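Engineer: Below are the structure tokens for one structure; questions will follow.
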Amino acid sequence: MSTSSADTGVDRGTSRPGSAPVKGAAPGRGTASAKRRSHPFARFVLVRLGVGVLLCLGITILAFGLTHAVPGDPVAANLGQRALNDPAAVAAFKAKNGLDDSLPSQYWTYLTNLLHGDMGTSQQTHRPVWDDLGDKIPASLELALAAIVLALVIGVGLGIVAAVTRGRWPDRIIRVVSLAGVSVPVFWLAQVAFYVFSFKLGWIQAGGRLSPGAIPPDDITGLYTVDSLLTGEWGTFGEAFSRMVLPACVLAAFNIGVLTRFTRAAVLEALGNDYVRAARAKGLPESTVIRRHALRPALTSILTVAGLTFGGMLAGTVLVENVLSWPGLGQYAYKSALNLDLPSIMGVCLFVAVVYVVINLLVDLLYGVIDPRIRLS
Amino acid sequence: MNATPDASLVLRDLTVSYHSPGRPAVRAVAGVDLRVEPGQVVGLVGESGCGKSTLGKAAVGLLKPASGSVEFAGAPVTPLGLKPRPPAQRGLQMVFQDPYASLNPRRKIGEQISDAVVLSGGTRADGRALARELLDRVGLSAEFAERFPHEFSGGQRQRIAIARVLAADPSCIVADEPIAALDASAQASIANLLLDLARERGVGLLFISHDLSIVRQIADTVAVMYLGTVVESGPTDQVWDDPRHPYSRALISAVPRADGNGELPQDLPGDVPDPAFPPSGCRFHPRCPIAVDACADAEPEPTEFLPGRRAACSVLAPALLKIG
Amino acid sequence: MNDTISARAGGPLLDIRDLVVELPGPDGTPLRALDGVNLTVERGEIVGLAGESGSGKTMTALALLGLLPQGGTARGEMRVEGRDVLSMTPRQVRDLRGNKVAMVFQDPMTSLHPMLSVGKQLTEHLRHHKKLGKKAANARAAELLATVRIPDPEQALKRYPHQFSGGMRQRIAIAVALACDPDLLLADEPTTALDVTVQAGILRLLDRLRRENGLSVLIITHDLGVMSALADRVSVMYAGRIAETGPRAEVLRTPRHPYTRGLLDALPHPGAGTTALLPIPGSPPKLGLAPSGCAFHPRCPFAVDACAGDRPELLPLTEAHATACPVDPLADRTSPETETTEAGAR
Amino acid sequence: MNATRIFLGDRLGAGRGNRSDPGRTGAPDAADERAARRRRRRANKSPWRSPLAVTGLVIIGVFLVAAVFASVISPEDPLAQKWPKYQAPSAEHWFGTDQLGRDILSRVIHGTRVSLPLALLLVVLAMVIGTVLGAVAGYFGGWIDMVVMRCADLVLAFPAIILAMAVVAALGPNLTNAVLAVVVVSWPTYARVVRGLVLSLRQSDFVQADRLLGASGWRVLAVDLRPNLAGPVAVLAALDLGNAVLLLSGLSFLGLGAQPPAAEWGAMVNAGSANFDAWWVAVFPGAAILLSVLAFNFLGDTLRDALDPRTARAIRG
Amino acid sequence: GGAKKSSDGAGGSGGGNDTLVVDTSFSLKTADPSRTFEPTGIFVTRAAYDTLLTFANGDVTKPVPQLAASYEVSPDGKTFTFPLRPEAKFNDGTPVTAKDVVFSFNRVKNLKGNPSFLLDGVTVSAKDEHTVVLTTEKPDASLPFRIPTPALGIVNSTAVTAHGGSDAAGADQSDKAEQYLNTDSQGSGPYKITKYDVSTEVVLTRNDNYWGAKPKYGKVVIRNVPASTQQLNILSGESQLSLDMSADQAAKVKGQAQVLQKPTPTTAFLFSNDNPAVSKITSNKDFQEAVRYGVDYPSLLDVAGEGSAQAAGIVPGFFTGALDASAAIKRDIPRAKAALARAGLNNPTVDLYYASDVTINGINFGDLAARIQANLKDVGITVALKPAPTQTALDSYRNGTEALGLWWWQADYPDASDYLAFAPGELVGKRAGWNEGANPAVTALAEQARTATDEAARVDAFRKLQEAMQQTSPFVPLLQTAQVIAANNSVKNVYYNPIWYVDVDKLG
Ligand SMILES: Nc1ncnc2c1ncn2[C@@H]1O[C@H](COP(=O)(O)OP(=O)(O)OP(=O)(O)O)[C@@H](O)[C@H]1O
Ligand SMILES: Nc1ncnc2c1ncn2[C@@H]1O[C@H](COP(=O)(O)OP(=O)(O)OP(=O)(O)O)[C@@H](O)[C@H]1O
Ligand SMILES: [Mg+2]
Ligand SMILES: [Mg+2]
């Protein structure tokens, strides 16, 4: 030990002008700043919205670049065998669809039109893409919503059961079932389900959202089940509902598997928290402990997965809608891709991006609702 | 092996800020002067969140100071970028608080210890030999070199971490609460190990802790930190026996003693304020038992009232000087 | 003090006899975490339970509340006011929890639910156990917050844990525990995660509650300083057994078990100057791997051959003081073991 | 499908941040050394001994053998159109015959040679690209991070299947094009996970300690972080393998992947949709997809248990 | 059963109902007749737009009057006069006049859409308000066979003009009436289009102003349904008519529903590119012969299913001028091998291009290609399959760069002259690399067939042409597909029409 008295090892701390005039009295600092603190969340949402818009813009560039760079010729796709060899017809087609311009100028035209709500005209349906999407989106949305609700109810339920019985037989069975759910090829499942329930047993009518010729309910939301309920058309509701059962179940299978697995993991993680032990130590019934104390924190990760699976459901709808002839976006996207119908492909991509952004935003907002830490800081 | 005499660590008016988006910058260290000589043990104590770790990291170059300077062995310590640390600075090392996080869980401990050798141009074989030697030095079996960290207890891991630091042949070690996560008995043995290093090898030791009693036991000098600033410093026994700053006093009288007397420690109401919104004037004034109105206005200058003893309190300053 | 209190009540408030707790090991075989623990807490008394990490302090408290980790089993006797908890139905145990026996956990940062308001956490069990209405429960909750010295209790009810500092949170956690007027508070390292200044406040709060409300507390800690400040009686645990138990002053001043003594020696001593600390060599045995005989003997400087043989029983030295060491270690305070680098060398 | 992978990654990342309790992990004291090791061995092995893992391994083994020895094992030439079409399963044709009178069993066996290697290729490509980009983005941060992660965002918001469909429609349907198209959209999962891991590990004490010893940024990535990334990435890849099989067979099902006369399971399922009365045409190849994906998922799950002690503990209680 | 209540009370099934449900796999792009060229579109516009002439009861060998009361051909075969029926009315009640016909035909020409070729070289004029005159540049015996094509349906010129329609030159740019016509048909046919969705459903409602016999069904729902579901729906009674089942499926339905299996005017053919620049191998005449005799035609019929027939020549069997079935090529492996040997080719490898995403009358071209691959393997030719979605495949097909191509040709109108496109230098000929001057003899025969006006001369010319092509062309006609039409037993009067499937209005 060699400390000389002259050299204490600690030097003078120099002072500098106080940086923040805010008086940080320790206790109760939440009250005064609670209002100011809600702003960051609103700003966060706004920022996310802005980022979302940029993302959509990026998507249009990406989609545009990809679809226009590929060597396929939309002229061949959209003119018949006869007209193809008619130079006049080809020229007319190109001029009409602006295929002669340079790529950037085509993109610019697309973008300016887009800002005016014009997504171009589909080359296969000869209708404005906007109208096409307007027709197809509700059908797919209805299906996807039904599937996600189904998946949430079953998936979260099974997940909780598995978490609570972890290591015991219900958990093991649920584990295998959920793994099977994420492993089953959806197109095959659709076929098998169709074969069994429609073909062999004749229980379920498939194909279309309503029976042929039936008049859909008034267009309020575009979702037949909801609209028919709103207008009180019970018969139509029954029909729309029964026709949705099979495709929705098939579409939900994968997501049930995913949600079960994540719910289980999230609930298990939550159950391992000290505050759950603390809740038990309060003498609360186990059901309350799980519902109020374990499920709530698990909900954030369940929501994330639900949001992502919902956004990712399009892949499923392409397959399911094609097998079970559901007149939705999936079929439309498939046809558009096959026909290199560029405006339609762009439209679908843009829509998917918007859904992605909206879902993410929604999930973020819901985080705020669920978790006060996010809402308040 | 012995550190060069000038291998001291000098912090001058060090300020470190954290910037996170959407929040005001947090000045976690707000102007600190500190000096660690070779062979000297300097204790740094303070409540949680007062900026001890921040200071420690800035001292070794893991954080970039907002202002002020850090010097080691006469040369400025450069903040770490993507490039390897200059060899001259490798004599300045750090021991971390959490023995579970400070070892790579997926690499054998022998390998981790020998890194220092390899990185300074030695061969793997040299490194391995040194690792065995150092494991022995910190009181572990040389065979352990082939094992992974998860096979060890907290105390043993902390020894391994120290062995790794020793492999760089340091002349100054910053130890950030190296014993906080350990049992009393393990705490004692790690504290002893570090103390031995300082004594035997002449290594300077900046010993960061929130546990006053252990600092009291091993440090030569102590600095008491409050909300980013050093409020009092001086030789350990003097500060302990005769704390002047009201905060040091509160801190010391809050330590319960295991003497069986049943005395309740004194409490200090309130908490350390959020460093993002520090109180104006003397940072301690909202909790200070002797504060006067003026304390809210001016930040007190540290006064050296006895040789090697300083305190920063404007209320006491005149009295202190008189005593001194 | 003890005498008067125990005389007033019919028997001890808490009486644990021969508690054995087994936990499933990684491969499912049961391992003994507690191996015959005896412990009593009288009314209005604060009992300290000390010991190194992993010695089974927390398990003792959890066993009492029936909250052992999944697969854990408890045997023996645990009487609260004379009723054996182990023979109660799960429902009866739940009625006990948070009601008659409440618990405060170590880390106030994690033991409060981050997503529920303080008010909700204070009242949910109050309403469950005491069948109070919302209004009454809230009033009581505000009262509780005032008791634990939270400023502006009415407002605090609406806030969330993250809006409070660590010390405040621990006060809130204590308020939560006190909500149903429990007779016994199990405090599992309630101050370990806190700064000394804040710790002092919490210790004072507990002391006040004992004095004012006659609350009994079982305080679990590895900090002998805390023990010395607060506890009336102290039990020291090692490897799932009680090594020594007795009045605070006797145990801390004249420890009769080498382990207690080792713990004390490892602490820095005011007035001892900058001398080396004296760690206990080695580390405590892992779960299920306790050595035969006296579990401490491999680390014990006083060990004799016999120590590895039979398991030493807890033998009374005086009326209140007992130790599980047959070797009398009442030698001088400097132990023969002074090497500091012993730990882990074996 | 993408969605799951992302989230899965996040969870893997989160798992690493978890700190174990001081004092819970034991020391290898001489006395308990042997018992501890024995138990460790048993504990380490157990995930691989679970029925799930064994089933997965057996199925994968069978498929691998089938792939390697396809021509030896399969009873017939998968392309031979020698038999009457649409024959129901019989002793002669266990799985029946298809619309061109080919033996479905032989085609299912030969299908292993199409789906599995390409799924593997897809996953490996995505994994390598994603891991490298993610590690670089996470470690070096700044604008590199910005660019990489914005690209990842963009690609994640882009509907993979549409991209694949459009690319394949334009470049011609074959599985290699499909693989390339899907790689373009599947690397971000890995990039995100790896970036998250690197971000959390980069600040970890052991990395800082290594930096203090003089390690450069690259060395930290290569030496310190690589082994820590390997586990989570392996789990991710194992679980992704199943998704890849699903996606590729889905594209084939839509007619955008494997083409006649190749024996590809998805395309075979599609052939079955032309004639539901001949259920066997679709059912057996579909079952092969299900089984192989299931097996990959079993293995992925097991791998995660084995690598993440926390989950393993939770599962075993 | 599919009896379901729907809002208007018209259920899907059961006899005596007013609604007819037709299931088909949609191939539909527009309901504007002047642009229509796809099977489903033709089916739909046929019901909504009457034409000057038509084919009755599925007999396409004889055009019969519809909007025209009769027609008259000038002796030089270049002028066609059509007096219009005075009673004919559009669905809004206004009469059909010569002005409407002129407008409709000119619009088809000037829209330059797929069907505009139908009026190549044709000039239309109104002689008076009720007489239309068409003149052609060359004698054209096939014109009366083209007139019934639904693309030449007569639109209400007033209404269409009012909604942006144009028949002037430049209509391809200026005409804006398509949208309007998609939702609101303006024809004089028995039905009106009341709902139109290109990918799901088209609904036809009885035109109460129809000038002819009232159709039985008040409402016709045409749904886009995959073939597999069509089978199910027919069996369950949810639909009454199915247009796309395969022969294999038809076999399962027989007995429970009426099944019609008729040859169509769609010929599937294979070609070996005649252009040496594309392939040295396929342009070799001996190689072409090897292919011709190497294909096992009956085995292809097995893939195609019942009802399909080997195509002896390129012209479908039921058209005048078709070759006799007995003249068809038969597989001759030794001859094929010999030809290959002559060509000096030892186990050549060639690429076969085809559209992977089409199913024509239940025949999957991928399956067909796989079968051909197997066939040619027997004679020592290795075929590599090069599938692509139709749009991409069409690209290479149109550019004539395919070595081997497997394609189909569907008659645009029921006359052999439509098949002259296969001649050297013509539309399809060029795609097979059979360019102008490649075979002057065949070109001469084709010209003869084109200009012959006398029935017997035409038949003879077409036969000669096809016989010549059998020996020297790069084309190998494979088969004529079969149309399966399945109908619920309650539906009467089902006739197959090779151009528009069925006359919906005639169903009873
Ligand atoms: N990465 C960071 N970003 C923003 N603020 C930070 C960061 N790290 C620390 N801080 C803040 O800086 C202040 C000082 O932190 P620091 O870790 O240095 O304290 P400490 O004295 O080491 O505390 P402890 O005893 O808890 O370790 C704290 O208020 C903390 O919230
Ligand atoms: N969930 C669990 N499963 C299995 N064993 C456990 C579990 N929790 C604790 N243990 C083991 O039980 C033994 C007693 O643990 P306990 O928590 O009671 O110790 P403690 O004295 O409270 O220690 P600390 O001071 O670390 O809190 C330890 O060996 C520990 O490893
Ligand atoms: Mg710190
Ligand atoms: Mg504990």
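Every chain in the structure tokens has a letter given in the order shown (A, B, ...), and although residue numbers restart at 1 in each chain, ligands are simply numbered from 1 in the order shown.
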Taking only C-alpha atoms into account, report as a PyMOL selection string which residues of chain C lie within 10 Å of chain A.
Structural biologist: chain C and resi 62+65-70+91-117+121-122+124-126+128-129+150-152+155-156+159-165+168+173+176-177+179-180
Engineer: Name each residue within 9 Å of ligand 2, counting only C-alpha atoms and all ligand atoms, as a ChimeraX atom specification.
Structural biologist: /B:183 /C:22-26,31-34,50-62,68-72,106,188-189,220-222,237-240,285-288 /D:21-26,317
Engineer: Just list the residues in region 242-460 of chain E DSSP gives alpha helix (DSSP H) on the backbone, as a PyMOL selection string.
Structural biologist: chain E and resi 247-253+285-294+297-304+333-342+365-378+390-398+427-431+440-451+455-460
Engineer: Around ligand 1, which protein and nucleic acid residues have at least one atom no more than 7 Å from it, if we count only C-alpha atoms and all ligand atoms? List them as a list in words.
Structural biologist: Tyr18, His19, Ser20, Val26, Ala28, Gly46, Glu47, Ser48, Gly49, Cys50, Gly51, Lys52, Ser53, Thr54, Leu55, His210, Asp274 and Pro275 of chain B
Engineer: Work out how far apart CA of Val358 (chain A) and CA of Ala139 (chain A) are and give it in Å to one decimal.
Structural biologist: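 A separation of 18.5 Å between them.
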Engineer: Leaving out Leu352 (chain E) and any residue of its chain fewer than 6 positions from it, which residues lie within 12 Å of it when counting only C-alpha atoms, given as a PDB file with N, CA and C atoms, in the first residue's frame?
Structural biologist:
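part.pdb, written as the output of this step:
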ATOM      1  N   PRO D 260     -43.734 -32.147 -65.401  1.00  0.00           N
ATOM      2  CA  PRO D 260     -43.759 -33.519 -65.865  1.00  0.00           C
ATOM      3  C   PRO D 260     -42.508 -33.814 -66.659  1.00  0.00           C
TER       4      PRO D 260
ATOM      5  N   LEU E 270     -48.532 -31.743 -82.881  1.00  0.00           N
ATOM      6  CA  LEU E 270     -47.129 -31.672 -82.519  1.00  0.00           C
ATOM      7  C   LEU E 270     -46.415 -31.140 -83.749  1.00  0.00           C
ATOM      8  N   PHE E 271     -45.391 -30.339 -83.571  1.00  0.00           N
ATOM      9  CA  PHE E 271     -44.618 -29.984 -84.767  1.00  0.00           C
ATOM     10  C   PHE E 271     -43.135 -30.101 -84.484  1.00  0.00           C
ATOM     11  N   SER E 272     -42.389 -30.419 -85.533  1.00  0.00           N
ATOM     12  CA  SER E 272     -40.929 -30.409 -85.471  1.00  0.00           C
ATOM     13  C   SER E 272     -40.501 -29.224 -86.297  1.00  0.00           C
ATOM     14  N   ASN E 273     -39.870 -28.307 -85.664  1.00  0.00           N
ATOM     15  CA  ASN E 273     -39.591 -27.048 -86.344  1.00  0.00           C
ATOM     16  C   ASN E 273     -38.814 -27.269 -87.640  1.00  0.00           C
ATOM     17  N   SER E 279     -33.432 -25.657 -85.174  1.00  0.00           N
ATOM     18  CA  SER E 279     -32.886 -26.962 -84.822  1.00  0.00           C
ATOM     19  C   SER E 279     -32.496 -27.725 -86.069  1.00  0.00           C
ATOM     20  N   THR E 282     -34.688 -31.167 -85.841  1.00  0.00           N
ATOM     21  CA  THR E 282     -36.111 -31.236 -86.127  1.00  0.00           C
ATOM     22  C   THR E 282     -36.433 -30.810 -87.542  1.00  0.00           C
ATOM     23  N   PHE E 365     -51.986 -30.954 -70.759  1.00  0.00           N
ATOM     24  CA  PHE E 365     -50.938 -31.040 -71.770  1.00  0.00           C
ATOM     25  C   PHE E 365     -49.627 -31.559 -71.204  1.00  0.00           C
ATOM     26  N   GLY E 366     -49.474 -31.407 -69.919  1.00  0.00           N
ATOM     27  CA  GLY E 366     -48.290 -31.993 -69.285  1.00  0.00           C
ATOM     28  C   GLY E 366     -48.327 -33.512 -69.398  1.00  0.00           C
ATOM     29  N   LEU E 368     -49.990 -35.192 -71.624  1.00  0.00           N
ATOM     30  CA  LEU E 368     -49.858 -35.538 -73.036  1.00  0.00           C
ATOM     31  C   LEU E 368     -48.383 -35.508 -73.441  1.00  0.00           C
ATOM     32  N   ALA E 369     -47.700 -34.482 -72.992  1.00  0.00           N
ATOM     33  CA  ALA E 369     -46.284 -34.348 -73.326  1.00  0.00           C
ATOM     34  C   ALA E 369     -45.489 -35.505 -72.739  1.00  0.00           C
ATOM     35  N   ALA E 370     -45.829 -35.868 -71.507  1.00  0.00           N
ATOM     36  CA  ALA E 370     -45.113 -36.975 -70.878  1.00  0.00           C
ATOM     37  C   ALA E 370     -45.350 -38.266 -71.652  1.00  0.00           C
ATOM     38  N   ARG E 371     -46.536 -38.414 -72.165  1.00  0.00           N
ATOM     39  CA  ARG E 371     -46.825 -39.621 -72.937  1.00  0.00           C
ATOM     40  C   ARG E 371     -46.050 -39.606 -74.260  1.00  0.00           C
ATOM     41  N   ILE E 372     -46.017 -38.465 -74.911  1.00  0.00           N
ATOM     42  CA  ILE E 372     -45.270 -38.369 -76.174  1.00  0.00           C
ATOM     43  C   ILE E 372     -43.790 -38.647 -75.917  1.00  0.00           C
ATOM     44  N   GLN E 373     -43.320 -38.115 -74.810  1.00  0.00           N
ATOM     45  CA  GLN E 373     -41.924 -38.361 -74.428  1.00  0.00           C
ATOM     46  C   GLN E 373     -41.663 -39.858 -74.334  1.00  0.00           C
ATOM     47  N   LEU E 376     -41.776 -41.483 -77.925  1.00  0.00           N
ATOM     48  CA  LEU E 376     -40.618 -41.252 -78.779  1.00  0.00           C
ATOM     49  C   LEU E 376     -39.366 -41.916 -78.231  1.00  0.00           C
ATOM     50  N   ILE E 381     -35.696 -41.457 -79.646  1.00  0.00           N
ATOM     51  CA  ILE E 381     -35.584 -39.996 -79.577  1.00  0.00           C
ATOM     52  C   ILE E 381     -35.783 -39.589 -78.120  1.00  0.00           C
ATOM     53  N   THR E 382     -34.807 -38.859 -77.584  1.00  0.00           N
ATOM     54  CA  THR E 382     -34.956 -38.392 -76.218  1.00  0.00           C
ATOM     55  C   THR E 382     -35.591 -37.005 -76.242  1.00  0.00           C
ATOM     56  N   VAL E 383     -36.696 -36.906 -75.553  1.00  0.00           N
ATOM     57  CA  VAL E 383     -37.413 -35.637 -75.547  1.00  0.00           C
ATOM     58  C   VAL E 383     -37.238 -34.992 -74.177  1.00  0.00           C
ATOM     59  N   ALA E 384     -36.788 -33.739 -74.184  1.00  0.00           N
ATOM     60  CA  ALA E 384     -36.715 -32.994 -72.936  1.00  0.00           C
ATOM     61  C   ALA E 384     -37.915 -32.059 -72.883  1.00  0.00           C
ATOM     62  N   LEU E 385     -38.655 -32.135 -71.775  1.00  0.00           N
ATOM     63  CA  LEU E 385     -39.864 -31.325 -71.696  1.00  0.00           C
ATOM     64  C   LEU E 385     -39.534 -29.900 -71.249  1.00  0.00           C
ATOM     65  N   LYS E 386     -40.082 -28.933 -71.956  1.00  0.00           N
ATOM     66  CA  LYS E 386     -39.853 -27.518 -71.618  1.00  0.00           C
ATOM     67  C   LYS E 386     -41.188 -26.813 -71.437  1.00  0.00           C
ATOM     68  N   PRO E 387     -41.796 -27.034 -70.301  1.00  0.00           N
ATOM     69  CA  PRO E 387     -43.103 -26.417 -70.106  1.00  0.00           C
ATOM     70  C   PRO E 387     -42.977 -24.953 -69.704  1.00  0.00           C
ATOM     71  N   ALA E 388     -44.027 -24.217 -69.896  1.00  0.00           N
ATOM     72  CA  ALA E 388     -44.102 -22.836 -69.427  1.00  0.00           C
ATOM     73  C   ALA E 388     -45.574 -22.475 -69.340  1.00  0.00           C
ATOM     74  N   ALA E 393     -45.129 -19.458 -72.809  1.00  0.00           N
ATOM     75  CA  ALA E 393     -44.943 -20.439 -73.873  1.00  0.00           C
ATOM     76  C   ALA E 393     -45.377 -19.849 -75.207  1.00  0.00           C
ATOM     77  N   SER E 396     -42.582 -17.987 -77.145  1.00  0.00           N
ATOM     78  CA  SER E 396     -41.626 -18.714 -77.974  1.00  0.00           C
ATOM     79  C   SER E 396     -42.335 -19.363 -79.170  1.00  0.00           C
ATOM     80  N   TYR E 397     -43.555 -19.761 -78.940  1.00  0.00           N
ATOM     81  CA  TYR E 397     -44.357 -20.356 -80.009  1.00  0.00           C
ATOM     82  C   TYR E 397     -44.533 -19.347 -81.139  1.00  0.00           C
ATOM     83  N   THR E 401     -39.544 -20.325 -82.236  1.00  0.00           N
ATOM     84  CA  THR E 401     -38.247 -20.785 -81.764  1.00  0.00           C
ATOM     85  C   THR E 401     -38.324 -22.131 -81.075  1.00  0.00           C
ATOM     86  N   GLU E 402     -39.463 -22.791 -81.131  1.00  0.00           N
ATOM     87  CA  GLU E 402     -39.579 -24.060 -80.430  1.00  0.00           C
ATOM     88  C   GLU E 402     -39.145 -25.199 -81.334  1.00  0.00           C
ATOM     89  N   ALA E 403     -38.315 -26.077 -80.844  1.00  0.00           N
ATOM     90  CA  ALA E 403     -37.837 -27.202 -81.646  1.00  0.00           C
ATOM     91  C   ALA E 403     -38.987 -28.167 -81.871  1.00  0.00           C
ATOM     92  N   LEU E 404     -39.485 -28.708 -80.770  1.00  0.00           N
ATOM     93  CA  LEU E 404     -40.737 -29.465 -80.852  1.00  0.00           C
ATOM     94  C   LEU E 404     -41.773 -28.651 -80.105  1.00  0.00           C
ATOM     95  N   GLY E 405     -42.972 -28.585 -80.654  1.00  0.00           N
ATOM     96  CA  GLY E 405     -44.023 -27.861 -79.954  1.00  0.00           C
ATOM     97  C   GLY E 405     -45.264 -28.720 -79.872  1.00  0.00           C
ATOM     98  N   LEU E 406     -45.876 -28.679 -78.695  1.00  0.00           N
ATOM     99  CA  LEU E 406     -47.138 -29.395 -78.537  1.00  0.00           C
ATOM    100  C   LEU E 406     -48.211 -28.351 -78.300  1.00  0.00           C
ATOM    101  N   TRP E 407     -49.093 -28.159 -79.270  1.00  0.00           N
ATOM    102  CA  TRP E 407     -50.083 -27.092 -79.170  1.00  0.00           C
ATOM    103  C   TRP E 407     -51.444 -27.580 -79.623  1.00  0.00           C
TER     104      TRP E 407
END
Engineer: For region 334-341 of chain E, please output as a ChimeraX atom specification all residues within 9 Å (counting only C-alpha atoms; exclusion window: fewer than 3 positions along the same chain).
Structural biologist: /E:285-294,331,344-347,379-381
